[in-house]
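Since the structure comes first, as structure tokens, the remarks are kept for the end.
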Amino acid sequence: MNLRLQEAFAQVPALLADHVLLSAAALLLGLAVALPLAVGASRNDRLRRIALGAASLVQTIPGLALLALFYPFLLALNSLLAPLGVALPALGFLPALLALALYAVLPILRNAVTGIAGIDPAIIEAADGVGMTPRQKLRLVEAPLAAPVVMAGIRTATVWTIGAATLSTTVGQPGLGDMIFAGLQTQNWTLVLVGCLAAAALALTADALLGLIESGIAQRRRWKIGTGLIALLMGVAVALAPLVMTSSRAEVVTIGAKGFSEQYILARLIGDRLESAGYEVRYREGLGSAIAFEALVRGDVDVYVDYTGTLWTNGMRREDNPPRDEMLAQLSDWVSDTRGARVLGRLGFENTYAFAVTQETAQRYGLQSMDDLADVAPQLTMGTDVEFLNRPEWASIRTAYGLAFSGTQSYQPTFMYRAVESGRADVITAFSSDGRIAASNLFVLSDPRGAVPNYDAVLMVAPSRADEERFVSALTPLLDAIPVEVMREANYMVDRDEEKVSPSAAAAWLAEQIER
Amino acid sequence: MDRKNGPAVRFDGIAKSFDGGGSFAVESLDLEIAGGSFVALVGESGSGKSTLLKMINRLVDPSAGTAAIAGVPVAGQNPADLRRHIGYVFQNIGLFPHMSVAENIMIIPRLGVNEIVNTVPELLELVGLPDDVAERLPSELSGGQQQRVGVARALAGEPGLMLMDEPFGALDPVTRDQLGETYRALHDRLGLTTIMVTHDMAEALIIADRILVMSEGRIVADGSPEALLAGEGGEEANALIAVPKGQMAKLRQLEQRS
């Protein structure tokens with residue numbers, strides 16, 4: 001087996017455990033909501049219309065959006081509950097659980113309502129005629145006769161839930177989606193494939209076992225129902241075993257990473273150092289930009305790397321652009337005073353937005369600076385990452401230079417570089433520490449008006465670890481230790497198409513450079 | 001099962017409208033049915049006969065008036081409890097498909113009626129079925145056998161009163177005839193009060209002691225089979241009787257010719 005495959009498979013057990021726990025909990029919650037609702041709906045026409053309507057509406061919301069919506073929802077709920085001293089986690093398990101449970105409701109509800117409605121009216125008349133109370137009718141007649149149809153709904157919900165649970169990575173809940181998102185970012189297709197296959201195998205297994213129970217109910221074969229149930233429970237127990245084993249160990253540190261190669265590499269670099277210092281390490285990768293900082297403040301993540309400009313504009317909501325030392329000083333104060341977390345210091349390189357074009361484009365339009373770009377922008381299309389167009393930096397850059405492109409298109413970072421190389425985008429918002437700028441021979445336009453803020457990479461430490469001597473001293477050697485050229489090379493090792501290495505290998509290489 | 005005398009049933013000013021008073025399925029009606037009698041309610045579909053029947057076991061609640069069994073109004077009684085003590089048999093049988101014949105028959109005892117003494121073999125014997133059907137599922141039985149199970153299920157609660165809504169309507173003529181005879185014998189042996197809804201006047205004439213003809217929510221004729229055959233039932237009853245009479249005359253002609 002080749003190394004990459006081995007590395008990918010090594011990640012499966014722990015992530016599978018999280019995936020199974022989340023999916024099973026979401027399904028149980030979905031069942032607990034859907035079944036009583038279905039009984040009520042079959043007795044009351046208005047409730048049925050409302051319940052089915054609401055469930056269908058939820059189903060039209062894309063899974064990713066539904067997950068994302070629970071973040072502000074839970075934050076708002078928290079501010080309401082704050083006087084009661086209740087604080088719900090807005091990231092991780094809870095929002096993922098709620099979103100997936102909501103998703104699971106529709107197929108179960110719809111099938112249960114259909115199943116009860118589909119019972120021969122003569123049988124219902126007989127049930128009433130022999131003197132069953134509504135409760136007896138439900139238990140003795142409606143439930144057993146609707147059960148096969150309900151089970152079919154549960155199977156659909158199970159397959160959906162297991163599939164949609166791969167998206168929970170984006171709200172900071174680990175699962176098999178971690179492998180898919182990380183693999184997509186670093187173009188490690190082995191990782192993507194293994195993640196997909198694991199999720200598919202899980203879904204198929206669960207579906208097959210539920211199918212066995214379904215046919216057992218339909219044929220009134222108790223042994224089939226029993227076998228299916230026991231296998232299902234055992235499967236869940238086995239899948240959860242790694243979770244129980246790790247949680248028994250103390251001193252687990254969670255390292256966060258946003259969803260791009262540099263972050264994956266730095267997370268491993270930090271992780272390796274903390275492991276040497278005796279900590280047990282866990283990774284939360286593929287976090288959204290805004291979510292990462294919140295996760296740190298809440299203590300869901302103990303340490304991660306962020307960029308000064310990002311926190312300046314998104315966190316502090318500042319629109320001015322002071323010199324880099326001043327920005328760092330103000331940011332550090334703000335982080336510790338208002339959030340209790342700590343900016344440990346700069347890593348030594350900057351990862352700012354760099355407006356980049358191909359050499360041909362630069363020559364054809366005579367482009368040197370962003371001022372030149374503004375003149376020809378109406379003839380050009382711009383490719384960006386998925387966040388950029390909605391970030392305040394874009395608004396201020398656009399105003400500063402009067403940029404008006406003929407079109408914009410967002411890409412996953414990997415595909416953004418492909419887009420500019422293939423000519424589908426004329427200008428991209430590249431990252432200055434990205435090895436692909438040099439590798440693709442792109443021309444970076446200068447910023448004479450200083451409109452692009454500083455994006456010094458900084459180490460962020462959670463409130464609970466801010467004063468932990470052992471923790472801090474394990475990370476201090478990383479400060480001011482990574483020049484931009486070195487970071488660029490490490491990034492390129494992961495991003496290039498030939499001879500790619502894994503983020504951990506790049507992190508090991510990076511560590512060697514630092515020690516030199 | 002010992003013979004006992006079934007209860008009397010009485011309606012006082014009973015009426016039912018399904019559209020809030022626009023039209024009446026049953027129009028203000030007074031009626032006394034003697035304990036132990038076998039009464040047939042005959043009429044076209046939509047004449048209100050099923051509605052009248054279902055107001056006795058509260059499958060339908062009246063818009064006005066009362067129904068009473070053995071002098072006790074049904075309106076004040078718990079519907080589930082009331083129905084466990086009244087046999088109910090209807091055209092579509094409604095056996096529970098996921099339960100064996102035995103489980104179907106013993107459903108009323110299972111619902112919590114304590115004084116039951118009948119066993120499954122006794123009940124099967126009453127309705128003329130062999131013991132070995134007890135463990136089968138309803139789907140493995142013929143239509144006639146299924147309705148025999150339906151009757152056995154209704155009798156398991158030891159009711160004094162049997163309500164039957166077109167009980168043999170879906171069966172083939174031979175089965176129908178046999179089952180009709182079996183049931184009439186049971187009625188006599190157990191001393192039941194039976195009220196049977198049917199649209200078939202011939203069946204009513206043969207099986208019942210008293211025939212009520214309903215039309216548009218009203219009772220338009222009331223008499224013994226003999227009286228009705230003698231033309232004492234009035235215009236609507238005569239029109240209904242004319243059909244089997246005419247058929248009989250034609251059959252007799254055919255017989256004489258051969």
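For the structure tokens, the naming scheme is as follows: chains receive sequential letters (A, B, ...) according to their order of presentation, residues are indexed from 1 within each chain, and ligands are indexed from 1 in presentation order.
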Could you tell me which residues of chain A sit within 9 Å of chain B when counting only C-alpha atoms, and give me the result as a list in words?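 Taken together, these residues fit the definition: Asp120, Pro121, Ala122, Ile123, Ile124, Glu125, Ala126, Ala127, Asp128, Gly129, Val130, Gly131, Met132, Thr133, Pro134, Gln136, Val141, Pro144, Leu145 and Arg220 of chain A.
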Neighbours of Ala290 (chain A) within 10 Å (only C-alpha atoms; same-chain residues fewer than 2 positions away dropped), as a PyMOL selection string? chain A and resi 258+287-288+292-295+310-311+314-315
Write out the residues from the selection above, keeping C-alpha atoms, as a PDB file, in the first residue's frame.
ATOM      1  CA  LYS A 258      -8.910  27.110   8.166  1.00  0.00           C
ATOM      2  CA  LEU A 287     -12.923  25.905   9.682  1.00  0.00           C
ATOM      3  CA  GLY A 288     -14.464  28.998   8.116  1.00  0.00           C
ATOM      4  CA  ALA A 292     -12.081  29.827  13.633  1.00  0.00           C
ATOM      5  CA  PHE A 293     -11.703  32.849  15.917  1.00  0.00           C
ATOM      6  CA  GLU A 294     -15.010  32.199  17.681  1.00  0.00           C
ATOM      7  CA  ALA A 295     -13.952  28.593  18.200  1.00  0.00           C
ATOM      8  CA  THR A 310      -8.561  39.412   8.940  1.00  0.00           C
ATOM      9  CA  LEU A 311      -9.140  40.003  12.631  1.00  0.00           C
ATOM     10  CA  ASN A 314     -13.807  41.083  10.567  1.00  0.00           C
ATOM     11  CA  GLY A 315     -13.289  40.889  14.315  1.00  0.00           C
TER      12      GLY A 315
END
Quick one: residues within 10 Å of region 499-502 of chain A, only C-alpha atoms, excluding same-chain residues fewer than 6 positions away - as a count of residues only? 16
Can you pull out every residue from region 158-400 of chain A that DSSP, working from the backbone, puts in alpha helix (DSSP H), and format the result as a VMD selection string? chain A and resid 158 to 164 177 to 185 189 to 219 222 to 247 261 to 276 289 to 298 308 to 310 324 to 334 359 to 365 370 to 376 392 to 400
Write out as number ranges by chain all residues of region 206-355 of chain A that DSSP puts in strand (DSSP E or B) for this structure's backbone. A: 252-258, 280-287, 303-307, 342-350, 353-355
Can you write just those residues out, N, CA and C atoms, as an mmCIF file, in the first residue's frame?
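New file selection01.cif:
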data_model
loop_
_atom_site.group_PDB
_atom_site.id
_atom_site.type_symbol
_atom_site.label_atom_id
_atom_site.label_comp_id
_atom_site.auth_asym_id
_atom_site.auth_seq_id
_atom_site.Cartn_x
_atom_site.Cartn_y
_atom_site.Cartn_z
ATOM 1 N N VAL A 252 -5.745 16.809 26.187
ATOM 2 C CA VAL A 252 -5.892 16.820 24.735
ATOM 3 C C VAL A 252 -5.965 18.273 24.263
ATOM 4 N N VAL A 253 -5.124 18.593 23.301
ATOM 5 C CA VAL A 253 -5.093 19.941 22.760
ATOM 6 C C VAL A 253 -5.729 19.899 21.368
ATOM 7 N N THR A 254 -6.609 20.874 21.085
ATOM 8 C CA THR A 254 -7.221 20.928 19.768
ATOM 9 C C THR A 254 -6.599 22.061 18.964
ATOM 10 N N ILE A 255 -6.101 21.702 17.787
ATOM 11 C CA ILE A 255 -5.470 22.691 16.937
ATOM 12 C C ILE A 255 -6.395 22.987 15.762
ATOM 13 N N GLY A 256 -6.689 24.255 15.556
ATOM 14 C CA GLY A 256 -7.597 24.633 14.486
ATOM 15 C C GLY A 256 -6.846 24.968 13.211
ATOM 16 N N ALA A 257 -7.546 24.802 12.083
ATOM 17 C CA ALA A 257 -6.986 25.227 10.803
ATOM 18 C C ALA A 257 -8.128 25.643 9.902
ATOM 19 N N LYS A 258 -7.943 26.733 9.189
ATOM 20 C CA LYS A 258 -8.910 27.110 8.166
ATOM 21 C C LYS A 258 -8.670 26.212 6.959
ATOM 22 N N GLU A 280 -1.447 15.500 24.058
ATOM 23 C CA GLU A 280 -2.213 14.711 23.084
ATOM 24 C C GLU A 280 -2.851 15.718 22.128
ATOM 25 N N VAL A 281 -2.778 15.450 20.825
ATOM 26 C CA VAL A 281 -3.200 16.469 19.862
ATOM 27 C C VAL A 281 -4.356 15.999 18.996
ATOM 28 N N ARG A 282 -5.294 16.907 18.781
ATOM 29 C CA ARG A 282 -6.425 16.663 17.886
ATOM 30 C C ARG A 282 -6.516 17.823 16.914
ATOM 31 N N TYR A 283 -7.007 17.575 15.699
ATOM 32 C CA TYR A 283 -7.092 18.668 14.724
ATOM 33 C C TYR A 283 -8.538 18.963 14.367
ATOM 34 N N ARG A 284 -8.847 20.247 14.250
ATOM 35 C CA ARG A 284 -10.141 20.688 13.706
ATOM 36 C C ARG A 284 -9.811 21.487 12.458
ATOM 37 N N GLU A 285 -9.945 20.828 11.317
ATOM 38 C CA GLU A 285 -9.494 21.477 10.083
ATOM 39 C C GLU A 285 -10.662 21.901 9.218
ATOM 40 N N GLY A 286 -10.397 22.819 8.302
ATOM 41 C CA GLY A 286 -11.425 23.259 7.362
ATOM 42 C C GLY A 286 -12.414 24.237 7.977
ATOM 43 N N LEU A 287 -12.023 24.934 9.045
ATOM 44 C CA LEU A 287 -12.923 25.905 9.682
ATOM 45 C C LEU A 287 -13.071 27.149 8.811
ATOM 46 N N VAL A 303 -5.452 26.457 19.806
ATOM 47 C CA VAL A 303 -4.463 27.295 19.134
ATOM 48 C C VAL A 303 -4.680 27.200 17.628
ATOM 49 N N TYR A 304 -4.477 28.299 16.933
ATOM 50 C CA TYR A 304 -4.496 28.267 15.470
ATOM 51 C C TYR A 304 -3.777 29.502 14.946
ATOM 52 N N VAL A 305 -3.585 29.555 13.654
ATOM 53 C CA VAL A 305 -2.902 30.694 13.055
ATOM 54 C C VAL A 305 -3.929 31.564 12.349
ATOM 55 N N ASP A 306 -3.930 32.853 12.669
ATOM 56 C CA ASP A 306 -4.806 33.772 11.927
ATOM 57 C C ASP A 306 -3.948 34.893 11.350
ATOM 58 N N TYR A 307 -4.567 35.859 10.714
ATOM 59 C CA TYR A 307 -3.843 36.930 10.035
ATOM 60 C C TYR A 307 -4.356 38.253 10.558
ATOM 61 N N ARG A 342 -5.186 35.204 23.479
ATOM 62 C CA ARG A 342 -3.887 35.844 23.420
ATOM 63 C C ARG A 342 -3.285 35.750 22.024
ATOM 64 N N VAL A 343 -2.772 36.893 21.532
ATOM 65 C CA VAL A 343 -1.992 36.870 20.301
ATOM 66 C C VAL A 343 -0.553 36.634 20.735
ATOM 67 N N LEU A 344 -0.014 35.470 20.429
ATOM 68 C CA LEU A 344 1.311 35.118 20.939
ATOM 69 C C LEU A 344 2.407 35.892 20.208
ATOM 70 N N GLY A 345 2.176 36.139 18.920
ATOM 71 C CA GLY A 345 3.155 36.922 18.157
ATOM 72 C C GLY A 345 3.155 36.517 16.697
ATOM 73 N N ARG A 346 3.959 37.225 15.902
ATOM 74 C CA ARG A 346 4.023 36.948 14.462
ATOM 75 C C ARG A 346 4.853 35.698 14.184
ATOM 76 N N LEU A 347 4.495 35.019 13.116
ATOM 77 C CA LEU A 347 5.306 33.878 12.690
ATOM 78 C C LEU A 347 6.452 34.337 11.790
ATOM 79 N N GLY A 348 6.307 35.548 11.224
ATOM 80 C CA GLY A 348 7.404 36.080 10.433
ATOM 81 C C GLY A 348 7.071 36.325 8.980
ATOM 82 N N PHE A 349 5.960 35.794 8.516
ATOM 83 C CA PHE A 349 5.607 36.033 7.110
ATOM 84 C C PHE A 349 4.211 36.650 7.056
ATOM 85 N N GLU A 350 3.914 37.188 5.859
ATOM 86 C CA GLU A 350 2.612 37.805 5.656
ATOM 87 C C GLU A 350 1.881 37.028 4.569
ATOM 88 N N TYR A 353 -3.603 39.629 0.507
ATOM 89 C CA TYR A 353 -4.203 39.489 -0.818
ATOM 90 C C TYR A 353 -3.294 40.157 -1.836
ATOM 91 N N ALA A 354 -2.916 39.432 -2.872
ATOM 92 C CA ALA A 354 -2.079 39.984 -3.929
ATOM 93 C C ALA A 354 -2.859 39.874 -5.236
ATOM 94 N N PHE A 355 -3.115 41.021 -5.847
ATOM 95 C CA PHE A 355 -3.803 40.979 -7.141
ATOM 96 C C PHE A 355 -2.785 40.519 -8.177
#
Please list as a list in words every residue within 8 Å of region 239-253 of chain B, counting only C-alpha atoms and excluding residues in the same chain fewer than 6 positions away. Met201, Ala202, Leu228 and Leu229 of chain B
So that I can check the surroundings of region 441-447 of chain A, please list as number ranges by chain every protein, DNA and RNA residue that reaches within 6 Å of it, counting only C-alpha atoms and ignoring chain neighbours fewer than 6 positions away. A: 355-359, 368-370
What's the 7 Å shell around Ala208 (chain B), counting only C-alpha atoms, without same-chain residues fewer than 6 positions away, as a list of chain:residue names?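 Counting only C-alpha atoms, the residues come to B:Phe38, B:Val39, B:Ala40.
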Keeping only N, CA and C atoms, take the residues you just selected and write them out as a PDB file, in the first residue's frame.
ATOM      1  N   PHE B  38     -84.819  -9.603  15.607  1.00  0.00           N
ATOM      2  CA  PHE B  38     -83.898  -9.512  14.465  1.00  0.00           C
ATOM      3  C   PHE B  38     -84.519  -8.534  13.482  1.00  0.00           C
ATOM      4  N   VAL B  39     -83.944  -7.367  13.420  1.00  0.00           N
ATOM      5  CA  VAL B  39     -84.523  -6.300  12.613  1.00  0.00           C
ATOM      6  C   VAL B  39     -83.642  -6.024  11.396  1.00  0.00           C
ATOM      7  N   ALA B  40     -84.239  -5.929  10.238  1.00  0.00           N
ATOM      8  CA  ALA B  40     -83.494  -5.543   9.035  1.00  0.00           C
ATOM      9  C   ALA B  40     -83.849  -4.114   8.668  1.00  0.00           C
TER      10      ALA B  40
END
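Here CA of Gln185 (chain A) and CA of Arg298 (chain A) stand 25.9 Å from one another.
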List as a PyMOL selection string the protein and nucleic acid residues near region 134-143 of chain B, meaning an atom at most 9 Å away when only C-alpha atoms are counted, but skip any in the same chain fewer than 3 places from it. chain B and resi 93+95-105+120-121+124+130-131+146-149+170-172+175
Kindly export the residues of the current selection with C-alpha atoms, as a tab-separated table (two decimals), in the first residue's frame.
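Dumped everything to result-v8.tsv:
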chain	number	residue	atom	x	y	z
B	93	ILE	CA	-64.82	-7.05	7.31
B	95	LEU	CA	-59.72	-8.06	9.92
B	96	PHE	CA	-56.32	-6.90	11.19
B	97	PRO	CA	-53.95	-8.21	8.51
B	98	HIS	CA	-50.92	-8.40	10.82
B	99	MET	CA	-52.67	-10.57	13.38
B	100	SER	CA	-53.53	-14.27	13.17
B	101	VAL	CA	-57.16	-15.38	13.13
B	102	ALA	CA	-56.93	-16.23	16.82
B	103	GLU	CA	-55.44	-12.82	17.66
B	104	ASN	CA	-58.16	-11.14	15.64
B	105	ILE	CA	-60.88	-13.04	17.46
B	120	VAL	CA	-60.97	-19.37	20.34
B	121	PRO	CA	-62.07	-22.95	19.46
B	124	LEU	CA	-64.63	-20.78	15.70
B	130	PRO	CA	-62.34	-25.58	11.77
B	131	ASP	CA	-59.82	-25.17	14.61
B	146	GLN	CA	-62.95	-14.00	6.68
B	147	GLN	CA	-66.43	-12.75	7.44
B	148	ARG	CA	-67.04	-15.77	9.67
B	149	VAL	CA	-63.94	-14.65	11.60
B	170	ALA	CA	-69.45	-8.65	-0.64
B	171	LEU	CA	-69.83	-12.43	-0.66
B	172	ASP	CA	-70.85	-14.73	-3.48
B	175	THR	CA	-71.57	-18.26	0.71
Mind giving me the straight-line distance from CA of His187 (chain B) to CA of Arg210 (chain B) in Å, one decimal? 14.0 Å
At what distance in Å, to one decimal, does CA of Leu192 (chain B) lie from CA of Ala70 (chain B)?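 Separation of CA of Ala70 (chain B) and CA of Leu192 (chain B): 12.8 Å.
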